[in-house]
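The file final_18.tsv comes next; it holds TSV, C-alpha atoms and all ligand atoms.
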chain	number	residue	atom	x	y	z
A	164	MET	CA	92.99	115.96	93.43
A	165	THR	CA	95.22	113.50	91.58
A	166	GLY	CA	96.57	114.02	88.07
A	167	ALA	CA	96.42	117.79	88.34
A	168	SER	CA	99.75	118.58	86.71
A	169	ASP	CA	98.50	118.26	83.14
A	170	GLY	CA	95.60	117.82	80.73
A	171	VAL	CA	92.08	117.57	82.04
A	172	GLY	CA	93.21	117.56	85.69
A	173	LEU	CA	94.89	120.96	85.41
A	174	GLU	CA	91.60	122.35	84.09
A	175	ILE	CA	89.61	120.72	86.89
A	176	VAL	CA	91.86	122.48	89.42
A	177	ARG	CA	91.34	125.75	87.56
A	178	LEU	CA	87.55	125.33	87.89
A	179	LEU	CA	87.76	124.31	91.55
A	180	ALA	CA	90.12	127.18	92.42
A	181	ASP	CA	87.91	129.63	90.56
A	182	ALA	CA	84.97	128.39	92.64
A	183	GLY	CA	86.98	129.22	95.80
A	184	ALA	CA	88.25	125.78	96.76
A	185	ALA	CA	91.66	125.33	98.40
A	186	VAL	CA	93.27	122.51	96.46
A	187	ILE	CA	95.75	119.85	97.58
A	188	MET	CA	97.64	118.87	94.46
A	189	PRO	CA	99.78	115.74	94.86
A	190	VAL	CA	102.03	115.20	91.84
A	191	ARG	CA	104.84	112.88	90.83
A	192	ASN	CA	106.82	115.63	89.08
A	193	ARG	CA	107.17	118.78	91.21
A	194	ALA	CA	108.57	120.95	88.39
A	195	LYS	CA	105.54	120.09	86.27
A	196	GLY	CA	103.30	120.71	89.26
A	197	GLU	CA	104.82	124.15	89.85
A	198	ALA	CA	104.41	125.05	86.17
A	199	ALA	CA	100.77	123.91	86.35
A	200	ILE	CA	100.16	126.13	89.39
A	201	GLU	CA	101.64	129.10	87.52
A	202	ARG	CA	99.25	128.45	84.62
A	203	ILE	CA	96.29	128.16	86.97
A	204	ARG	CA	97.25	131.42	88.73
A	205	GLN	CA	97.27	133.23	85.37
A	206	ALA	CA	93.51	132.60	85.32
A	207	VAL	CA	92.79	132.57	89.06
A	208	SER	CA	95.35	134.86	90.66
A	209	ASP	CA	94.39	134.05	94.26
A	210	ALA	CA	94.19	130.27	93.72
A	211	ARG	CA	95.00	128.44	96.97
A	212	ILE	CA	97.01	125.36	96.01
A	213	VAL	CA	99.33	123.15	98.06
A	214	LEU	CA	101.76	120.98	96.12
A	215	LEU	CA	102.54	117.54	97.61
A	216	ASN	CA	104.28	114.44	96.30
A	217	LEU	CA	102.49	111.35	95.02
A	218	ASP	CA	103.48	108.58	92.68
A	219	LEU	CA	100.54	106.22	92.38
A	220	ALA	CA	102.81	103.61	90.87
A	221	ARG	CA	104.53	103.29	94.28
A	222	LEU	CA	102.46	102.21	97.24
A	223	ASP	CA	105.08	103.61	99.64
A	224	SER	CA	104.54	107.02	98.04
A	225	VAL	CA	100.78	106.72	98.60
A	226	ASP	CA	101.42	105.77	102.24
A	227	THR	CA	103.80	108.70	102.74
A	228	LEU	CA	101.21	111.11	101.37
A	229	THR	CA	98.35	109.80	103.49
A	230	ALA	CA	100.54	109.74	106.61
A	231	SER	CA	101.51	113.37	105.99
A	232	LEU	CA	97.91	114.56	106.07
A	233	ARG	CA	96.96	115.66	109.55
A	234	GLU	CA	94.06	114.05	111.36
A	235	ASP	CA	92.12	117.29	111.19
A	236	THR	CA	92.78	117.95	107.46
A	237	ALA	CA	89.37	118.74	105.98
A	238	ILE	CA	88.89	117.06	102.62
A	239	ASP	CA	85.52	118.02	101.19
A	240	ILE	CA	86.15	116.83	97.64
A	241	CYS	CA	88.56	114.15	96.42
A	242	VAL	CA	88.99	113.80	92.67
A	243	LEU	CA	90.65	110.60	91.40
A	244	ASN	CA	91.74	111.82	87.98
A	245	ALA	CA	95.32	110.65	87.40
A	246	GLY	CA	95.80	108.04	84.76
A	247	VAL	CA	98.15	106.49	82.24
A	248	VAL	CA	97.46	104.81	78.93
A	249	LEU	CA	100.20	102.98	77.08
A	250	LEU	CA	98.46	102.08	73.83
A	251	GLY	CA	100.89	101.15	71.11
A	252	ASP	CA	103.39	99.76	73.62
A	253	ARG	CA	102.92	96.00	73.70
A	254	ARG	CA	105.31	95.49	76.61
A	255	ARG	CA	103.73	94.89	79.99
A	256	HIS	CA	105.24	97.40	82.42
A	257	VAL	CA	105.46	96.33	86.05
A	258	THR	CA	105.72	98.70	89.01
A	259	ALA	CA	108.16	98.36	91.90
A	260	ASP	CA	105.26	96.82	93.85
A	261	GLY	CA	104.91	94.10	91.21
A	262	PHE	CA	101.66	95.20	89.56
A	263	GLU	CA	101.01	96.02	85.91
A	264	LEU	CA	101.34	99.80	85.45
A	265	HIS	CA	97.76	100.67	84.30
A	266	PHE	CA	96.34	98.47	87.04
A	267	GLN	CA	98.33	100.18	89.78
A	268	THR	CA	98.35	103.79	88.56
A	269	ASN	CA	94.75	104.03	87.48
A	270	PHE	CA	93.16	101.73	90.03
A	271	LEU	CA	95.11	100.17	92.89
A	272	GLY	CA	97.10	103.29	93.83
A	273	HIS	CA	93.87	105.27	94.00
A	274	ALA	CA	92.22	102.54	96.09
A	275	ALA	CA	95.21	102.68	98.49
A	276	LEU	CA	94.87	106.46	98.65
A	277	ILE	CA	91.17	106.20	99.51
A	278	ARG	CA	91.90	103.60	102.21
A	279	GLY	CA	94.55	105.88	103.71
A	280	ILE	CA	92.33	108.96	103.89
A	281	LEU	CA	88.97	107.27	104.55
A	282	PRO	CA	88.68	108.59	108.13
A	283	LEU	CA	89.27	112.14	106.81
A	284	LEU	CA	86.70	111.65	104.05
A	285	GLU	CA	84.16	110.30	106.53
A	286	ARG	CA	84.77	113.09	109.00
A	287	SER	CA	84.26	115.73	106.29
A	288	GLN	CA	81.29	113.85	104.71
A	289	ALA	CA	83.29	114.26	101.55
A	290	ARG	CA	82.43	113.87	97.89
A	291	VAL	CA	84.68	111.52	95.91
A	292	VAL	CA	84.83	111.91	92.14
A	293	VAL	CA	85.99	108.96	90.09
A	294	GLN	CA	87.30	109.87	86.65
A	295	THR	CA	86.52	106.85	84.54
A	296	SER	CA	86.53	106.48	80.77
A	297	ILE	CA	84.24	105.52	77.95
A	298	ALA	CA	86.60	102.53	77.66
A	299	ALA	CA	85.11	101.16	80.90
A	300	ALA	CA	81.67	100.77	79.30
A	301	ARG	CA	82.62	97.54	77.55
A	302	ALA	CA	85.44	96.37	79.80
A	303	ARG	CA	85.38	93.24	81.94
A	304	MET	CA	87.15	92.23	85.12
A	305	ALA	CA	89.43	89.27	84.32
A	306	TRP	CA	89.27	87.70	87.77
A	307	ASP	CA	91.75	84.96	86.93
A	308	ASP	CA	94.27	87.45	85.50
A	309	LEU	CA	93.55	90.82	87.11
A	310	ASP	CA	96.64	92.66	85.97
A	311	GLY	CA	97.31	90.85	82.73
A	312	ALA	CA	100.20	88.70	83.95
A	313	ARG	CA	99.14	85.82	81.70
A	314	ARG	CA	97.70	87.71	78.72
A	315	TYR	CA	98.51	91.38	78.29
A	316	ARG	CA	96.81	93.81	75.89
A	317	PRO	CA	97.39	97.54	76.53
A	318	TYR	CA	93.83	98.69	75.71
A	319	ARG	CA	92.30	95.92	77.79
A	320	ALA	CA	94.60	96.78	80.69
A	321	TYR	CA	93.60	100.46	80.51
A	322	ALA	CA	89.87	99.77	80.11
A	323	SER	CA	89.68	97.25	82.94
A	324	SER	CA	91.67	99.54	85.26
A	325	LYS	CA	89.06	102.27	84.68
A	326	LEU	CA	86.23	99.75	85.23
A	327	ALA	CA	87.87	98.57	88.46
A	328	LEU	CA	88.20	102.15	89.70
A	329	GLY	CA	84.55	102.90	88.93
A	330	LEU	CA	83.36	99.70	90.64
A	331	TYR	CA	85.56	100.49	93.66
A	332	GLY	CA	84.14	104.01	93.83
A	333	LEU	CA	80.55	102.83	93.79
A	334	GLU	CA	81.30	100.20	96.45
A	335	LEU	CA	82.86	102.97	98.53
A	336	ALA	CA	79.55	104.85	98.25
A	337	ARG	CA	77.73	101.75	99.57
A	338	ARG	CA	80.10	101.20	102.48
A	339	ALA	CA	81.49	104.52	103.71
A	340	GLY	CA	79.51	106.53	106.21
A	341	GLY	CA	78.46	109.88	104.77
A	342	VAL	CA	80.85	109.82	101.81
A	343	THR	CA	79.14	110.45	98.48
A	344	VAL	CA	80.61	109.34	95.19
A	345	ASN	CA	79.96	110.48	91.65
A	346	LEU	CA	81.54	109.28	88.47
A	347	SER	CA	82.67	111.32	85.51
A	348	HIS	CA	84.29	110.71	82.18
A	349	PRO	CA	85.71	113.41	79.93
A	350	GLY	CA	84.78	111.90	76.56
A	351	VAL	CA	87.60	112.04	74.05
A	352	VAL	CA	90.24	114.68	74.72
A	353	PRO	CA	92.69	114.47	71.83
A	354	ASN	CA	95.01	117.24	73.02
A	355	THR	CA	96.30	115.69	76.23
A	356	ALA	CA	99.43	113.67	76.88
A	357	ILE	CA	97.36	110.57	77.59
A	358	ALA	CA	95.88	110.79	74.09
A	359	ALA	CA	99.30	110.96	72.40
A	360	PRO	CA	99.72	107.19	72.09
A	361	VAL	CA	96.24	106.98	70.52
A	362	ARG	CA	97.14	109.78	68.08
A	363	ALA	CA	100.34	107.96	67.17
A	364	LEU	CA	98.33	104.91	66.12
A	365	LEU	CA	96.03	106.82	63.76
A	366	PRO	CA	96.59	108.53	60.41
A	367	HIS	CA	97.45	112.26	60.77
A	368	ASP	CA	94.43	113.39	58.75
A	369	LEU	CA	92.09	111.44	60.97
A	370	VAL	CA	93.69	112.92	64.06
A	371	ASP	CA	93.36	116.47	62.72
A	372	TRP	CA	89.72	115.82	61.92
A	373	ALA	CA	89.14	114.31	65.36
A	374	VAL	CA	90.75	117.25	67.13
A	375	ARG	CA	88.57	119.70	65.16
A	376	ARG	CA	85.28	117.78	65.14
A	377	VAL	CA	85.10	115.04	67.71
A	378	GLY	CA	87.02	115.71	70.87
A	379	ASN	CA	86.53	118.00	73.81
A	380	ALA	CA	89.18	120.56	74.69
A	381	PRO	CA	90.60	119.87	78.17
A	382	SER	CA	88.73	122.91	79.53
A	383	THR	CA	85.36	121.52	78.37
A	384	ALA	CA	86.29	117.98	79.36
A	385	ALA	CA	87.05	119.18	82.90
A	386	GLN	CA	83.45	120.24	83.42
A	387	THR	CA	82.23	116.66	83.89
A	388	ALA	CA	84.45	116.08	86.95
A	389	PHE	CA	83.70	119.57	88.27
A	390	ASP	CA	79.94	118.92	88.05
A	391	ALA	CA	80.42	115.50	89.63
A	392	ALA	CA	82.25	117.25	92.49
A	393	THR	CA	79.75	120.01	93.06
A	394	SER	CA	76.27	118.70	92.18
A	395	ALA	CA	73.77	118.06	94.97
A	396	ALA	CA	74.17	114.74	96.77
A	397	GLY	CA	71.98	111.89	95.58
A	398	PRO	CA	72.36	108.39	94.31
A	399	PRO	CA	75.67	108.24	92.44
A	400	VAL	CA	75.45	109.51	88.89
A	401	MET	CA	77.95	109.88	86.10
A	402	PHE	CA	78.69	113.20	84.43
A	403	ALA	CA	79.66	112.80	80.80
A	404	PRO	CA	79.74	114.78	77.56
A	405	SER	CA	76.30	115.21	76.03
A	406	GLY	CA	77.32	114.63	72.39
A	407	PRO	CA	76.94	111.44	70.34
A	408	PHE	CA	78.11	108.34	72.25
A	409	GLY	CA	79.31	110.64	75.03
A	410	LEU	CA	82.41	111.50	73.03
A	411	TRP	CA	82.25	115.26	73.25
A	412	GLY	CA	80.05	118.22	74.14
A	413	PRO	CA	79.01	119.96	77.35
A	414	ALA	CA	78.60	117.93	80.54
A	415	VAL	CA	75.31	116.26	81.47
A	416	SER	CA	74.44	113.74	84.16
A	417	ARG	CA	73.46	110.23	83.18
A	418	THR	CA	73.17	106.75	84.64
A	419	PRO	CA	76.60	105.15	85.04
A	420	PHE	CA	77.60	102.48	82.50
A	421	ARG	CA	75.69	99.26	83.18
A	422	ARG	CA	78.87	97.34	84.04
A	423	LEU	CA	79.70	99.85	86.76
A	424	LEU	CA	76.37	99.16	88.46
A	425	ASP	CA	77.07	95.46	89.07
A	426	ALA	CA	77.10	95.34	92.89
A	427	ASP	CA	78.50	91.79	92.99
A	428	GLU	CA	81.47	92.78	90.85
A	429	ALA	CA	81.97	95.91	92.95
A	430	GLY	CA	81.96	93.89	96.18
A	431	ARG	CA	84.52	91.55	94.66
A	432	VAL	CA	86.74	94.45	93.61
A	433	TRP	CA	86.57	95.74	97.18
A	434	SER	CA	87.55	92.39	98.75
A	435	GLU	CA	90.26	91.77	96.19
A	436	THR	CA	91.67	95.23	96.86
A	437	ASP	CA	91.75	94.50	100.60
A	438	ARG	CA	93.66	91.31	99.84
A	439	LEU	CA	96.16	93.00	97.52
A	440	LEU	CA	96.82	95.89	99.88
A	441	SER	CA	97.06	93.89	103.11
B	501	LIG	N1	92.33	112.12	77.12
B	501	LIG	C1	91.30	111.34	76.87
B	501	LIG	O1	90.82	111.21	75.72
B	501	LIG	C2	90.62	110.58	78.01
B	501	LIG	C3	89.51	109.79	77.69
B	501	LIG	C4	88.87	109.09	78.71
B	501	LIG	C5	89.32	109.20	80.01
B	501	LIG	N2	90.41	109.97	80.30
B	501	LIG	C6	90.83	110.03	81.70
B	501	LIG	O2	91.01	111.37	82.11
B	501	LIG	C7	92.04	111.45	83.11
B	501	LIG	C8	93.00	112.55	82.75
B	501	LIG	O3	93.62	112.22	81.52
B	501	LIG	P1	94.31	113.32	80.60
B	501	LIG	O4	93.83	113.07	79.24
B	501	LIG	O5	94.20	114.67	81.22
B	501	LIG	O6	95.83	112.79	80.67
B	501	LIG	P2	97.22	113.54	80.99
B	501	LIG	O7	97.23	114.90	80.39
B	501	LIG	O8	98.28	112.57	80.59
B	501	LIG	O9	97.19	113.68	82.57
B	501	LIG	C9	97.35	112.54	83.38
B	501	LIG	C10	97.70	113.00	84.77
B	501	LIG	O10	97.93	111.84	85.58
B	501	LIG	C11	99.18	111.98	86.23
B	501	LIG	N3	99.83	110.70	86.51
B	501	LIG	C12	100.19	109.74	85.62
B	501	LIG	N4	100.83	108.76	86.25
B	501	LIG	C13	100.89	109.10	87.57
B	501	LIG	C14	101.45	108.50	88.73
B	501	LIG	N5	102.12	107.34	88.68
B	501	LIG	N6	101.30	109.12	89.92
B	501	LIG	C15	100.66	110.30	90.00
B	501	LIG	N7	100.13	110.95	88.93
B	501	LIG	C16	100.25	110.35	87.73
B	501	LIG	C17	100.02	112.78	85.23
B	501	LIG	O11	101.16	113.29	85.88
B	501	LIG	P3	102.47	113.76	85.04
B	501	LIG	O12	102.18	115.20	84.72
B	501	LIG	O13	103.58	113.55	85.98
B	501	LIG	O14	102.53	112.90	83.82
B	501	LIG	C18	99.00	113.82	84.79
B	501	LIG	O15	98.88	114.85	85.74
B	501	LIG	C19	92.66	110.06	83.19
B	501	LIG	O16	92.14	109.37	84.30
B	501	LIG	C20	92.20	109.38	81.91
B	501	LIG	O17	92.07	107.97	82.05
B	501	LIG	C21	91.06	110.68	79.33

Would it be possible to restate this file's structure as structure tokens?
Amino acid sequence: MTGASDGVGLEIVRLLADAGAAVIMPVRNRAKGEAAIERIRQAVSDARIVLLNLDLARLDSVDTLTASLREDTAIDICVLNAGVVLLGDRRRHVTADGFELHFQTNFLGHAALIRGILPLLERSQARVVVQTSIAAARARMAWDDLDGARRYRPYRAYASSKLALGLYGLELARRAGGVTVNLSHPGVVPNTAIAAPVRALLPHDLVDWAVRRVGNAPSTAAQTAFDAATSAAGPPVMFAPSGPFGLWGPAVSRTPFRRLLDADEAGRVWSETDRLLS
């Protein structure tokens, strides 16, 4: 379960722990991770959680994590929830591996993680949950400039990273033996750290209104990924808020965004990922 130290992810862990799951929680900031576990245990006192290290913006960190998992580690559910959004910051941030930060954190690091644990996922006939975003619905893959090296726009970088992750997840479902994949998106969650840059761009009154009227609280937003993790297996579906435009409300299942269902694009994301990670 990535991105469990804060926001929606912390609430997903709370739901999973409450349902009896033992959770592996890889985080980039152990102090934050420990504080998150304390908060979860206030609600679920016997929560079984193991804290590990993972920085998705460093491929060596992903490799260290996957190498540390034993061959017989049973992974029944893998939730790809971590993400960054740097709206309002026009600078293009580059990771130590040389990739744009949204591209690596939200997409490529998760793809590397899946590659590293694929035998474990296949052995456990696992369910993978891909946390995408409403931003992916209208995003496009810029094949000649995948991580915005030539033309960088923060929103476009975020949106296309979430599209790439969704396409990768659905291609995984086509290729991996016995692994099922569902998508989820949390709608708009104005109270999380990831939403702070969006809040900073908008007038205060609008933000207050949005928090009261439009967005989901993290605890409600977490339900989409939880349902995606626990619903009966079937063709991949997307769990999303039921309210207008999927922005808020209780979780329902729906057909994934049309752009996520493009099998040619998904195959291309898969091959390109193999190339980038080889
Ligand atoms: N909030 C929204 O309105 C919204 C809308 C659509 C989709 N989403 C998606 O929902 C997911 C959760 O977002 P949120 O709103 O809960 O954001 P959040 O509160 O900022 O949580 C993001 C999580 O990702 C982790 N993370 C960030 N960079 C990482 C890295 N390099 N390596 C490992 N972990 C890293 C963070 O760890 P730290 O604690 O160390 O920062 C944190 O646990 C994201 O995938 C996001 O794209 C959110």

TODO: For A:Leu271, list every protein, DNA or RNA residue within 10 Å, evaluated using only C-alpha atoms, and leave out those in the same chain fewer than 2 positions away; present the list as JSON, numbers by chain.
DONE: {"A": [219, 220, 222, 262, 264, 265, 266, 267, 268, 269, 273, 274, 275, 276, 277, 324, 327, 328, 331, 436, 439, 440]}

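Minimum atom-to-atom distance to ligand LIG 501 (chain B), evaluated using all atoms listed in the file, belongs to A:Val247 out of A:Leu281, A:Ala199, A:Val247, A:Leu326.
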
Open item on the list: I need the residue nearest ligand LIG 501 (chain B) from this list: A:Ala302, A:Ile203, A:Ala167, A:Val176. Use only C-alpha atoms and all ligand atoms for the distance.
Closed with: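 Once distances to ligand LIG 501 (chain B) are computed over only C-alpha atoms and all ligand atoms, the minimum belongs to A:Ala167.
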
TODO: Rank nothing, just name the residue among A:Thr236, A:Gln288, A:Gln205, A:Thr295 nearest to ligand LIG 501 (chain B), using only C-alpha atoms and all ligand atoms.
DONE: A:Thr295

Which residues of chain A have any atom within 6 Å of an atom in ligand LIG 501 (chain B) when counting all atoms listed in the file, and what is the closest pair of atoms for each, with the distance in Å to one decimal? Order the rows by chain and rising number and write it as CSV.
residue,atom,partner,partner_atom,distance
A:Gly166,CA,B:LIG501,O15,3.4
A:Ala167,CA,B:LIG501,O15,4.6
A:Ser168,CA,B:LIG501,O15,4.0
A:Asp169,CA,B:LIG501,O15,4.3
A:Gly170,CA,B:LIG501,O7,3.4
A:Val171,CA,B:LIG501,O5,3.7
A:Gly172,CA,B:LIG501,O5,5.4
A:Val190,CA,B:LIG501,C15,5.4
A:Arg191,CA,B:LIG501,C15,5.0
A:Asn192,CA,B:LIG501,O13,4.9
A:Leu217,CA,B:LIG501,C15,5.4
A:Asp218,CA,B:LIG501,N6,3.6
A:Leu219,CA,B:LIG501,N6,3.9
A:Ala220,CA,B:LIG501,N5,4.4
A:Asn244,CA,B:LIG501,O16,4.4
A:Ala245,CA,B:LIG501,O10,3.4
A:Gly246,CA,B:LIG501,O16,3.9
A:Val247,CA,B:LIG501,C12,5.1
A:Thr268,CA,B:LIG501,N5,5.2
A:Gln294,CA,B:LIG501,O16,5.4
A:Thr295,CA,B:LIG501,C5,5.8
A:Ser296,CA,B:LIG501,C5,4.0
A:Ile297,CA,B:LIG501,C4,5.9
A:His348,CA,B:LIG501,C5,5.7
A:Pro349,CA,B:LIG501,C4,5.5
A:Gly350,CA,B:LIG501,C3,5.3
A:Val351,CA,B:LIG501,O1,3.7
A:Val352,CA,B:LIG501,O1,3.7
A:Pro353,CA,B:LIG501,O1,5.4
A:Thr355,CA,B:LIG501,O7,4.3
A:Ala356,CA,B:LIG501,O8,4.0
A:Ile357,CA,B:LIG501,O8,3.7
A:Ala358,CA,B:LIG501,N1,4.9

Task: Best match for closeness to A:Ala396 among A:Arg290, A:Arg375, A:Arg417, A:His367, counting all atoms listed in the file - done: A:Arg290
